[in-house]
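> Okay, so here is final_31.cif, and as you'll see once you scroll down, it has mmCIF, C-alpha atoms.
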```cif
data_protein
#
loop_
_atom_site.label_atom_id
_atom_site.label_comp_id
_atom_site.auth_asym_id
_atom_site.auth_seq_id
_atom_site.Cartn_x
_atom_site.Cartn_y
_atom_site.Cartn_z
CA MET A 1 0.00 0.00 0.00
CA ARG A 2 1.06 3.64 -0.44
CA PRO A 3 3.37 5.59 1.91
CA LEU A 4 0.64 6.03 4.52
CA ARG A 5 -0.15 2.36 4.08
CA ALA A 6 3.48 1.41 4.47
CA CYS A 7 5.10 -0.75 7.10
CA LEU A 8 4.66 -0.54 10.83
CA GLY A 9 7.35 1.35 12.07
CA ALA A 10 5.97 -18.52 19.12
CA ALA A 11 4.41 -20.96 17.19
CA ALA A 12 6.87 -23.47 15.86
CA ALA A 13 7.46 -23.10 12.14
CA VAL A 14 5.44 -25.51 10.11
CA GLY A 15 7.61 -27.07 7.43
CA LEU A 16 6.19 -27.01 3.94
CA ALA A 17 9.11 -28.30 1.95
CA ALA A 18 6.72 -29.67 -0.62
CA ALA A 19 3.28 -28.55 -1.72
CA GLY A 20 1.80 -31.85 -0.54
CA THR A 21 2.56 -31.24 3.12
CA THR A 22 -0.62 -30.84 5.16
CA ALA A 23 -0.94 -28.15 7.81
CA LEU A 24 -4.50 -27.46 8.93
CA VAL A 25 -5.53 -24.32 10.76
CA THR A 26 -5.46 -25.08 14.48
CA THR A 27 -6.68 -23.40 17.62
CA SER A 28 -4.26 -20.75 18.84
CA ALA A 29 -3.66 -18.87 22.05
CA SER A 30 -5.42 -15.82 20.61
CA GLY A 31 -8.91 -17.21 21.16
CA ALA A 32 -11.59 -19.27 19.47
CA THR A 33 -11.14 -19.80 15.76
CA THR A 34 -14.72 -20.34 14.63
CA ALA A 35 -14.81 -18.92 11.13
CA LEU A 36 -17.10 -16.13 10.01
CA SER A 37 -18.77 -16.27 6.61
CA ASP A 38 -16.52 -15.51 3.64
CA ARG A 39 -18.56 -12.35 3.10
CA TRP A 40 -17.16 -10.90 6.33
CA TYR A 41 -13.55 -11.57 5.34
CA ALA A 42 -14.38 -9.98 1.99
CA ALA A 43 -15.61 -6.86 3.79
CA ALA A 44 -12.81 -6.54 6.38
CA PRO A 45 -11.25 -3.04 6.34
CA TYR A 46 -7.52 -2.67 6.95
CA LEU A 47 -6.30 -1.89 10.46
CA MET A 48 -2.74 -1.25 11.57
CA PRO A 49 -2.71 -2.74 15.09
CA LEU A 50 0.70 -1.38 16.10
CA ASP A 51 0.99 2.02 14.42
CA ASN A 52 -0.94 5.07 13.15
CA ASP A 53 -2.72 5.59 16.48
CA PRO A 54 -4.60 2.26 16.41
CA PRO A 55 -8.30 2.70 17.21
CA ASP A 56 -10.11 0.42 19.63
CA ALA A 57 -11.49 -2.45 17.54
CA ALA A 58 -14.13 -3.21 20.16
CA ALA A 59 -15.45 0.34 19.99
CA ILE A 60 -15.73 0.11 16.19
CA MET A 61 -17.60 -3.18 16.51
CA ASP A 62 -20.05 -1.68 19.00
CA ALA A 63 -20.65 1.46 16.92
CA THR A 64 -21.04 -0.15 13.49
CA GLY A 65 -21.67 -3.89 13.77
CA LEU A 66 -18.37 -4.62 12.02
CA LYS A 67 -17.03 -8.10 12.74
CA ALA A 68 -13.92 -8.57 10.60
CA PHE A 69 -10.60 -6.70 10.42
CA GLN A 70 -7.71 -6.91 7.94
CA LEU A 71 -4.54 -6.57 10.04
CA ALA A 72 -1.51 -5.05 8.28
CA PHE A 73 1.32 -5.83 7.49
CA VAL A 74 3.48 -8.96 7.73
CA LEU A 75 6.94 -8.47 6.19
CA ALA A 76 10.40 -10.00 6.12
CA PRO A 77 12.77 -8.88 8.91
CA ASN A 78 14.43 -5.54 8.18
CA GLY A 79 17.82 -7.19 8.56
CA GLY A 80 16.97 -9.96 6.10
CA GLY A 81 15.79 -13.53 6.48
CA CYS A 82 12.78 -15.70 5.79
CA SER A 83 10.73 -15.37 8.98
CA PRO A 84 7.53 -13.32 9.41
CA THR A 85 7.46 -10.06 11.32
CA TRP A 86 5.01 -7.25 11.87
CA GLY A 87 6.35 -4.31 9.89
CA GLY A 88 9.84 -5.78 9.60
CA THR A 89 10.60 -5.27 13.28
CA SER A 90 8.37 -7.40 15.52
CA PRO A 91 8.75 -11.18 15.07
CA VAL A 92 5.47 -13.02 14.78
CA SER A 93 6.95 -15.89 16.77
CA SER A 94 7.23 -13.80 19.96
CA ASP A 95 4.32 -11.42 19.37
CA THR A 96 1.84 -10.78 22.17
CA ALA A 97 0.56 -7.30 21.21
CA VAL A 98 -1.24 -8.26 17.99
CA GLN A 99 -2.33 -11.52 19.57
CA SER A 100 -4.06 -9.50 22.29
CA VAL A 101 -5.88 -7.38 19.69
CA ILE A 102 -7.08 -10.53 17.93
CA ALA A 103 -8.25 -12.09 21.19
CA GLY A 104 -10.29 -8.98 21.98
CA ILE A 105 -11.96 -9.03 18.57
CA ARG A 106 -12.76 -12.74 18.83
CA ALA A 107 -14.14 -12.31 22.34
CA LYS A 108 -16.83 -10.09 20.81
CA GLY A 109 -17.69 -12.60 18.08
CA GLY A 110 -15.44 -11.18 15.36
CA ASP A 111 -12.36 -12.39 13.53
CA VAL A 112 -9.38 -11.17 11.53
CA SER A 113 -7.54 -11.70 8.30
CA VAL A 114 -3.84 -10.84 8.07
CA SER A 115 -2.39 -8.88 5.16
CA ILE A 116 1.12 -9.52 3.93
CA GLY A 117 3.14 -7.09 1.86
CA GLY A 118 1.88 -3.57 1.32
CA TYR A 119 3.71 -0.59 -0.13
CA GLY A 120 7.38 -0.41 0.82
CA GLY A 121 9.43 -2.61 3.11
CA THR A 122 10.94 -5.98 2.25
CA LYS A 123 8.52 -8.78 1.47
CA LEU A 124 9.04 -12.45 2.28
CA GLY A 125 8.70 -13.28 -1.40
CA GLN A 126 11.87 -11.26 -1.95
CA THR A 127 13.93 -12.95 0.76
CA CYS A 128 12.70 -16.55 0.87
CA ALA A 129 14.35 -19.03 -1.47
CA ASP A 130 11.28 -20.44 -3.23
CA PRO A 131 7.49 -20.76 -2.95
CA ALA A 132 7.71 -23.60 -0.40
CA ALA A 133 9.96 -21.58 1.91
CA THR A 134 7.73 -18.53 1.49
CA ALA A 135 4.65 -20.59 2.32
CA ALA A 136 6.38 -22.04 5.39
CA ALA A 137 6.95 -18.52 6.70
CA TYR A 138 3.32 -17.55 6.16
CA GLN A 139 2.11 -20.82 7.67
CA GLN A 140 3.70 -19.69 10.94
CA VAL A 141 1.34 -16.69 10.88
CA ILE A 142 -1.71 -18.81 10.07
CA THR A 143 -0.92 -21.30 12.82
CA LYS A 144 0.05 -18.71 15.43
CA TYR A 145 -3.23 -16.80 15.09
CA GLY A 146 -5.53 -19.62 13.94
CA LEU A 147 -6.37 -17.71 10.76
CA HIS A 148 -9.24 -18.42 8.40
CA ALA A 149 -8.26 -15.68 5.93
CA ILE A 150 -5.14 -14.09 4.49
CA ASP A 151 -4.48 -11.24 2.05
CA PHE A 152 -1.54 -10.97 -0.36
CA ASP A 153 -1.00 -7.24 -0.97
CA LEU A 154 1.30 -7.37 -4.00
CA GLU A 155 2.48 -3.96 -5.14
CA GLU A 156 5.56 -1.75 -5.32
CA PRO A 157 8.36 -2.51 -5.18
CA GLU A 158 7.79 -6.26 -4.95
CA TYR A 159 5.48 -6.72 -7.90
CA GLU A 160 8.22 -5.41 -10.19
CA ASN A 161 10.30 -8.46 -9.17
CA SER A 162 9.11 -11.49 -11.16
CA ALA A 163 10.95 -13.99 -8.94
CA ALA A 164 9.35 -12.51 -5.81
CA ILE A 165 5.88 -12.63 -7.37
CA ARG A 166 6.49 -16.24 -8.37
CA ASN A 167 7.29 -17.01 -4.74
CA GLU A 168 4.22 -15.15 -3.44
CA ILE A 169 1.76 -16.71 -5.88
CA GLY A 170 3.29 -20.14 -5.34
CA ALA A 171 3.07 -19.68 -1.58
CA ALA A 172 -0.57 -18.59 -1.84
CA LYS A 173 -1.38 -21.73 -3.81
CA ILE A 174 0.37 -23.95 -1.23
CA LEU A 175 -1.43 -22.27 1.68
CA GLN A 176 -4.76 -22.61 -0.09
CA GLN A 177 -4.14 -26.34 -0.61
CA ASN A 178 -2.91 -27.01 2.90
CA ASN A 179 -5.45 -24.99 4.86
CA PRO A 180 -8.87 -26.14 3.61
CA GLY A 181 -11.41 -23.32 3.59
CA LEU A 182 -8.77 -20.57 3.88
CA TYR A 183 -10.09 -17.34 2.35
CA VAL A 184 -7.37 -15.89 0.10
CA SER A 185 -7.47 -12.41 -1.43
CA VAL A 186 -4.83 -10.89 -3.70
CA THR A 187 -4.66 -7.09 -3.76
CA THR A 188 -2.74 -5.01 -6.29
CA ALA A 189 -2.53 -1.51 -7.74
CA GLY A 190 -5.35 -0.03 -9.82
CA THR A 191 -5.11 2.12 -12.94
CA ALA A 192 -7.68 3.91 -15.06
CA ASP A 193 -8.12 0.84 -17.27
CA GLY A 194 -8.01 -1.68 -14.41
CA THR A 195 -4.42 -2.49 -13.50
CA GLY A 196 -1.03 -1.77 -15.00
CA TRP A 197 1.63 -3.89 -16.68
CA PHE A 198 2.98 -5.38 -13.44
CA GLY A 199 -0.52 -6.21 -12.22
CA LYS A 200 -1.21 -7.99 -15.49
CA GLN A 201 2.05 -9.93 -15.18
CA MET A 202 0.98 -11.02 -11.69
CA LEU A 203 -2.30 -12.33 -13.10
CA LEU A 204 -0.42 -14.23 -15.81
CA GLU A 205 1.81 -15.77 -13.12
CA ALA A 206 -1.29 -16.93 -11.24
CA LYS A 207 -2.68 -18.42 -14.45
CA SER A 208 0.60 -20.23 -15.20
CA GLN A 209 0.61 -21.77 -11.72
CA GLY A 210 -3.06 -22.74 -11.87
CA PHE A 211 -3.87 -20.57 -8.85
CA THR A 212 -7.29 -19.00 -8.32
CA PRO A 213 -7.85 -17.07 -5.06
CA ASN A 214 -11.23 -16.02 -3.76
CA ASN A 215 -10.61 -12.70 -5.48
CA PHE A 216 -8.15 -10.39 -7.17
CA SER A 217 -8.73 -6.86 -5.85
CA ILE A 218 -7.52 -3.56 -7.26
CA MET A 219 -6.88 -0.29 -5.43
CA PRO A 220 -8.29 2.48 -7.65
CA PHE A 221 -6.64 5.50 -6.05
CA ASP A 222 -3.30 7.33 -6.20
CA GLY A 223 -3.50 7.14 -9.98
CA GLY A 224 -5.35 10.25 -11.13
CA PHE A 225 -8.76 9.05 -10.01
CA ASN A 226 -11.60 11.50 -9.50
CA GLY A 227 -14.38 10.09 -7.37
CA ALA A 228 -16.53 7.01 -7.78
CA ALA A 229 -17.18 7.26 -11.51
CA SER A 230 -13.49 6.81 -12.31
CA GLN A 231 -13.30 3.92 -9.85
CA THR A 232 -16.23 2.00 -11.31
CA THR A 233 -14.75 2.54 -14.78
CA ALA A 234 -11.51 0.96 -13.51
CA LEU A 235 -13.43 -1.95 -12.00
CA ALA A 236 -15.17 -2.56 -15.33
CA GLY A 237 -11.79 -2.45 -17.09
CA PHE A 238 -10.28 -4.85 -14.58
CA ASN A 239 -13.19 -7.21 -15.15
CA SER A 240 -12.30 -7.29 -18.85
CA ILE A 241 -8.66 -8.04 -17.95
CA LEU A 242 -9.76 -10.95 -15.75
CA GLN A 243 -11.93 -12.28 -18.56
CA SER A 244 -9.17 -12.15 -21.14
CA THR A 245 -6.53 -13.56 -18.79
CA PHE A 246 -8.43 -16.51 -17.37
CA GLY A 247 -11.04 -17.13 -20.07
CA TRP A 248 -13.90 -16.31 -17.68
CA ASP A 249 -17.23 -14.85 -18.67
CA GLN A 250 -18.19 -11.49 -17.20
CA ALA A 251 -20.16 -12.89 -14.26
CA THR A 252 -17.40 -15.30 -13.27
CA ALA A 253 -14.85 -12.51 -13.46
CA TYR A 254 -16.94 -10.27 -11.21
CA ALA A 255 -17.35 -13.17 -8.76
CA HIS A 256 -13.52 -13.18 -8.47
CA GLU A 257 -13.08 -9.41 -8.38
CA GLY A 258 -12.66 -7.03 -5.47
CA PHE A 259 -12.39 -3.33 -4.63
CA SER A 260 -9.97 -1.86 -2.10
CA GLY A 261 -10.45 1.88 -1.74
CA MET A 262 -8.95 4.70 0.31
CA ASN A 263 -11.30 6.72 2.47
CA GLY A 264 -11.04 10.49 2.40
CA ARG A 265 -7.93 12.16 1.00
CA SER A 266 -5.49 9.87 -0.83
CA ASP A 267 -1.71 10.15 -0.86
CA THR A 268 -1.86 12.11 -4.14
CA GLY A 269 -4.62 14.48 -3.03
CA GLU A 270 -7.64 12.71 -4.51
CA TYR A 271 -10.79 12.84 -2.37
CA PHE A 272 -13.23 9.98 -1.85
CA SER A 273 -16.33 10.83 0.16
CA GLN A 274 -19.03 8.75 1.79
CA ALA A 275 -21.14 9.30 -1.34
CA ASP A 276 -18.33 7.86 -3.48
CA PHE A 277 -18.17 4.79 -1.26
CA GLN A 278 -21.94 4.34 -1.60
CA THR A 279 -21.71 4.51 -5.41
CA VAL A 280 -18.92 1.94 -5.58
CA LEU A 281 -20.75 -0.25 -3.07
CA ASP A 282 -23.84 -0.13 -5.29
CA TYR A 283 -21.72 -1.15 -8.26
CA ALA A 284 -20.02 -3.97 -6.35
CA THR A 285 -23.27 -5.44 -5.06
CA ALA A 286 -25.11 -5.06 -8.36
CA HIS A 287 -22.32 -6.94 -10.15
CA HIS A 288 -21.96 -9.56 -7.40
CA MET A 289 -18.32 -8.71 -6.76
CA ASP A 290 -16.50 -10.74 -4.12
CA ARG A 291 -14.81 -8.04 -2.04
CA PHE A 292 -15.29 -4.46 -0.80
CA THR A 293 -12.70 -3.08 1.60
CA PHE A 294 -10.68 0.07 2.25
CA TRP A 295 -7.55 1.60 3.71
CA SER A 296 -7.96 2.19 6.59
CA LEU A 297 -9.79 2.11 9.92
CA ASN A 298 -6.93 4.10 11.43
CA ARG A 299 -8.05 6.91 9.10
CA ASP A 300 -11.81 6.45 9.59
CA ARG A 301 -12.32 9.52 11.79
CA GLN A 302 -12.39 13.25 11.23
CA CYS A 303 -9.18 15.23 11.52
CA THR A 304 -8.91 17.80 14.27
CA PRO A 305 -7.55 21.28 13.45
CA ALA A 306 -4.24 20.14 14.92
CA ASP A 307 -4.21 17.24 12.45
CA ASN A 308 -4.34 19.71 9.56
CA GLY A 309 -7.24 18.25 7.60
CA GLY A 310 -5.88 19.67 4.34
CA ARG A 311 -3.18 17.02 4.07
CA THR A 312 -3.21 13.26 3.86
CA SER A 313 -2.95 11.62 7.25
CA GLY A 314 -2.48 8.08 8.49
CA THR A 315 -4.76 8.73 11.46
CA CYS A 316 -7.73 10.64 9.99
CA SER A 317 -9.50 11.05 6.65
CA SER A 318 -9.24 14.80 5.94
CA VAL A 319 -12.95 14.87 4.99
CA ALA A 320 -15.99 15.79 7.06
CA GLN A 321 -17.25 12.64 8.74
CA GLY A 322 -18.42 10.94 11.86
CA SER A 323 -16.20 8.33 13.44
CA TRP A 324 -16.35 5.02 11.53
CA ASP A 325 -18.55 6.35 8.72
CA PHE A 326 -16.62 4.38 6.12
CA ALA A 327 -16.64 1.15 8.13
CA LYS A 328 -20.41 1.15 7.81
CA TYR A 329 -20.12 0.53 4.06
CA SER A 330 -18.13 -2.63 4.78
CA VAL A 331 -20.91 -3.70 7.13
CA LYS A 332 -23.47 -3.08 4.37
CA PHE A 333 -21.41 -5.19 1.96
CA ALA A 334 -21.31 -8.02 4.45
CA GLY A 335 -25.10 -7.89 4.53
CA VAL A 336 -25.59 -6.76 8.08
CA THR A 337 -27.47 -3.63 9.14
CA PRO A 338 -25.39 -1.35 11.40
CA PRO A 339 -26.73 -0.38 14.82
CA THR A 340 -29.20 2.51 14.66
CA THR A 341 -28.13 4.12 17.91
CA THR A 342 -25.34 6.18 16.36
CA PRO A 343 -26.35 6.81 12.73
CA THR A 344 -24.30 9.04 10.47
CA PRO A 345 -26.20 9.46 7.20
CA THR A 346 -24.41 9.45 3.88
CA PRO A 347 -24.41 12.96 2.39
CA THR A 348 -27.15 13.41 -0.21
CA PRO A 349 -27.12 15.74 -3.19
CA THR A 350 -28.34 19.25 -2.41
CA PRO A 351 -31.15 20.36 -4.73
CA THR A 352 -30.20 23.34 -6.89
CA PRO A 353 -33.01 25.91 -7.33
CA GLY A 354 -34.16 26.37 -10.88
CA VAL A 355 -32.61 23.19 -12.31
CA SER A 356 -34.56 22.00 -15.33
CA CYS A 357 -35.66 18.40 -15.62
CA LYS A 358 -33.97 16.06 -18.08
CA ALA A 359 -35.93 13.91 -20.51
CA ALA A 360 -38.37 11.66 -18.68
CA TRP A 361 -37.26 8.13 -17.78
CA SER A 362 -38.70 5.39 -20.00
CA SER A 363 -39.05 1.76 -19.01
CA ALA A 364 -38.37 0.71 -22.61
CA ALA A 365 -35.20 2.71 -23.13
CA VAL A 366 -31.66 1.43 -22.65
CA TYR A 367 -29.42 3.71 -20.62
CA THR A 368 -25.64 3.59 -20.27
CA LYS A 369 -23.24 5.14 -17.78
CA ASP A 370 -23.74 8.92 -17.27
CA ASN A 371 -27.05 9.09 -19.18
CA GLU A 372 -29.42 11.46 -17.38
CA VAL A 373 -33.20 11.29 -16.96
CA SER A 374 -35.90 12.81 -14.80
CA TYR A 375 -38.32 10.86 -12.60
CA GLY A 376 -40.42 11.91 -9.62
CA LYS A 377 -39.37 15.57 -10.07
CA HIS A 378 -35.71 14.62 -9.59
CA ASN A 379 -32.90 14.27 -12.11
CA TRP A 380 -31.04 10.96 -12.10
CA LYS A 381 -27.72 9.82 -13.62
CA ALA A 382 -27.05 6.21 -14.67
CA LYS A 383 -24.14 4.57 -12.88
CA TRP A 384 -23.93 1.72 -15.38
CA TRP A 385 -25.99 0.04 -18.15
CA THR A 386 -29.63 -0.33 -17.21
CA GLN A 387 -33.08 -0.95 -18.64
CA ASN A 388 -36.49 -0.95 -16.94
CA GLU A 389 -35.05 -0.22 -13.47
CA VAL A 390 -37.03 2.59 -11.84
CA PRO A 391 -34.85 5.44 -10.52
CA GLY A 392 -34.80 5.44 -6.74
CA ALA A 393 -36.56 2.08 -6.41
CA SER A 394 -33.58 0.58 -4.58
CA GLU A 395 -30.61 2.02 -2.72
CA TRP A 396 -28.50 -0.59 -4.57
CA GLY A 397 -29.88 0.38 -7.95
CA PRO A 398 -28.21 1.85 -11.05
CA TRP A 399 -29.44 5.43 -10.60
CA GLN A 400 -27.73 8.28 -8.74
CA ASP A 401 -30.03 11.02 -7.46
CA GLU A 402 -28.85 14.44 -8.71
CA GLY A 403 -31.47 16.38 -6.81
CA ALA A 404 -34.81 18.07 -7.39
CA CYS A 405 -35.67 19.64 -10.73
#
```
What does the file become when written as structure tokens?

Amino acid sequence: MRPLRACLGAAAAVGLAAAGTTALVTTSASGATTALSDRWYAAAPYLMPLDNDPPDAAAIMDATGLKAFQLAFVLAPNGGGCSPTWGGTSPVSSDTAVQSVIAGIRAKGGDVSVSIGGYGGTKLGQTCADPAATAAAYQQVITKYGLHAIDFDLEEPEYENSAAIRNEIGAAKILQQNNPGLYVSVTTAGTADGTGWFGKQMLLEAKSQGFTPNNFSIMPFDGGFNGAASQTTALAGFNSILQSTFGWDQATAYAHEGFSGMNGRSDTGEYFSQADFQTVLDYATAHHMDRFTFWSLNRDRQCTPADNGGRTSGTCSSVAQGSWDFAKYSVKFAGVTPPTTTPTPTPTPTPTPGVSCKAAWSSAAVYTKDNEVSYGKHNWKAKWWTQNEVPGASEWGPWQDEGAC
């Protein structure tokens, strides 16, 4: 992940010398390991448990109904070697701090996934000798914390290293085979047309190894994006890339596709509001995508004046919000209604006096992205292709309300 998503500043190793070695997920000291539904792991927002002023996971759960967290990041040791650490500095083998966070989440009925990689730092795929050795290092993490889910965040500078990506994809395949039911996501950079050259090479490596995770997710930000419309365009482009790479039809590709956004102000000064998250969520649910997550819960709170809300921060969003506004979209994706005791409504378009109405909506007409119509004395804009879907009939529908006319 980008600079603000960069690194944080024992269980005996399970040998996996060959892909056929079996190592099932076992109960760990961090609490019960009853799995949640895959939908929860698909909705888990990223949380840095040791840096960027970690918020209280229990408080987020109470306020929003969130159950799953994506803990970041596991890396190779800063001094080199093929053993897992948190942020390159804290060995997983002797960790108690993250283990305590996990235990607290599980005590309230939740669970975690662990993300490996991120933007910057040295990745285990770069330092381990081969896929089996890389998998053995990650298996220590799975066994230590009794994991049911893991995320491979493959981006700069690692994804420019073909040998490292071969190790990571090979390790992911081994872990998938040796931990039945393990939810595996692969996250990589997003571009305007889906993903760039290195992302496409990663997909080709997965194809060559015969590896299919639960999803391949892109991060459509820090690349000249401008709100939700540019993000859904990238998701559509990435869907086409998945189709052409793996020979999938559109529906199958969407079923293996995910979105990983950035709430508020991005590293490059893009802004993504609650309304943008709602639009992308509508797109993801309408197309039956497999994942909807964001970076990060550490940032899911409003900046104070001292935080300087006009810059990008690792501890606040730099947009007007209530605490944990963005987490509520993950809860919606998981299919659970957030508590109603502390609602923070998504901003709605403000009607502009004197706005004329567009051509009236027709049930027989075919509309494509950005087509505008009027219905019920409001103007509406199409978010994607649609026909015979009444504007405003569903919050998950294809129409965006542009206000009264």
> Determine the residue membership of the PyMOL selection byres ((chain A and resi 113-116) around 6) for the file above and supply it as a list of chain:residue names.
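Residues picked by the PyMOL selection byres ((chain A and resi 113-116) around 6): A:Gln70, A:Leu71, A:Ala72, A:Phe73, A:Val74, A:Val112, A:Gly117, A:Ala149, A:Ile150, A:Asp151, A:Phe152, A:Asp153.
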> Can you tell me, as number ranges by chain, which residues sit within 9 Å of (-9.1, -20.9, -0.5) in the file's frame, using only C-alpha atoms?
A: 149, 172-173, 175-177, 179-185, 212-214
> Have a look at atom CA of Asp267 of chain A and atom CA of Pro398 of chain A and let me know their distance in Å, one decimal.
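Answer for the atom CA of Asp267 of chain A to atom CA of Pro398 of chain A separation: 29.6 Å.
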> If we count all atoms listed in the file and set the cut-off at 9 Å, which residues sit around segment 252-259 of chain A, ignoring sequence neighbours fewer than 4 positions away in its own chain? Please answer as a PyMOL selection string.
chain A and resi 42+185-187+212-220+231+235-236+238-243+246-248+280+284+287-294
> Considering all atoms listed in the file, can you say which of A:Thr368, A:Thr245, A:Thr232, A:Ser266 comes closest to Leu203 of chain A?
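The closest residue to Leu203 of chain A is A:Thr245.
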> Near Pro84 of chain A, within 9 Å and counting all atoms listed in the file, which residues show up once chain neighbours fewer than 3 positions away are dropped, as a list of chain:residue names?
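Using all atoms listed in the file, the neighbours found are A:Val74, A:Leu75, A:Ala76, A:Pro77, A:Gly81, A:Gly88, A:Ser90, A:Pro91, A:Val92, A:Ser93, A:Leu124, A:Ala137, A:Tyr138, A:Gln140, A:Val141.
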> Quick one: residues within 10 Å of segment 58-67 of chain A, all atoms listed in the file, excluding same-chain residues fewer than 2 positions away - as a ChimeraX atom specification?
/A:36,40-41,43-45,55-56,69,101,104-112,297,300,323-332,334,336-343
> Once the PyMOL selection byres ((chain A and resi 126-132) around 12) has been applied to the shown file, what residues remain in the selection, as a PyMOL selection string?
chain A and resi 14-21+75-84+117+121-125+133-139+154+156-175+178+209
> Which residues match the PyMOL selection byres ((chain A and resi 390) around 9) in the file above, as a PyMOL selection string?
chain A and resi 361-363+375+387-389+391-394+397-399
> List the spatial neighbours of segment 223-229 of chain A as a count of residues only - criterion: any atom at most 12 Å away, all atoms listed in the file, same-chain residues fewer than 4 positions off excluded.
47
> Quick check, in Å to one decimal: how far apart do atom CA of Arg39 of chain A and atom CA of Trp295 of chain A lie?
17.8 Å
> Compare A:Trp385, A:Gly310, A:Thr143, A:Tyr119 by their minimum atom-to-atom distance to Gln99 of chain A, counting all atoms listed in the file, and give me the closest one.
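Answer, going by the shortest atom-to-atom distance: A:Thr143.
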> Can you work out which one of A:Gly322, A:Gly314, A:Gly376, A:Gly210 has the shortest atom-to-atom distance to Met48 of chain A, counting all atoms listed in the file?
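Going through A:Gly322, A:Gly314, A:Gly376, A:Gly210 one by one, the smallest distance to Met48 of chain A is for A:Gly314.
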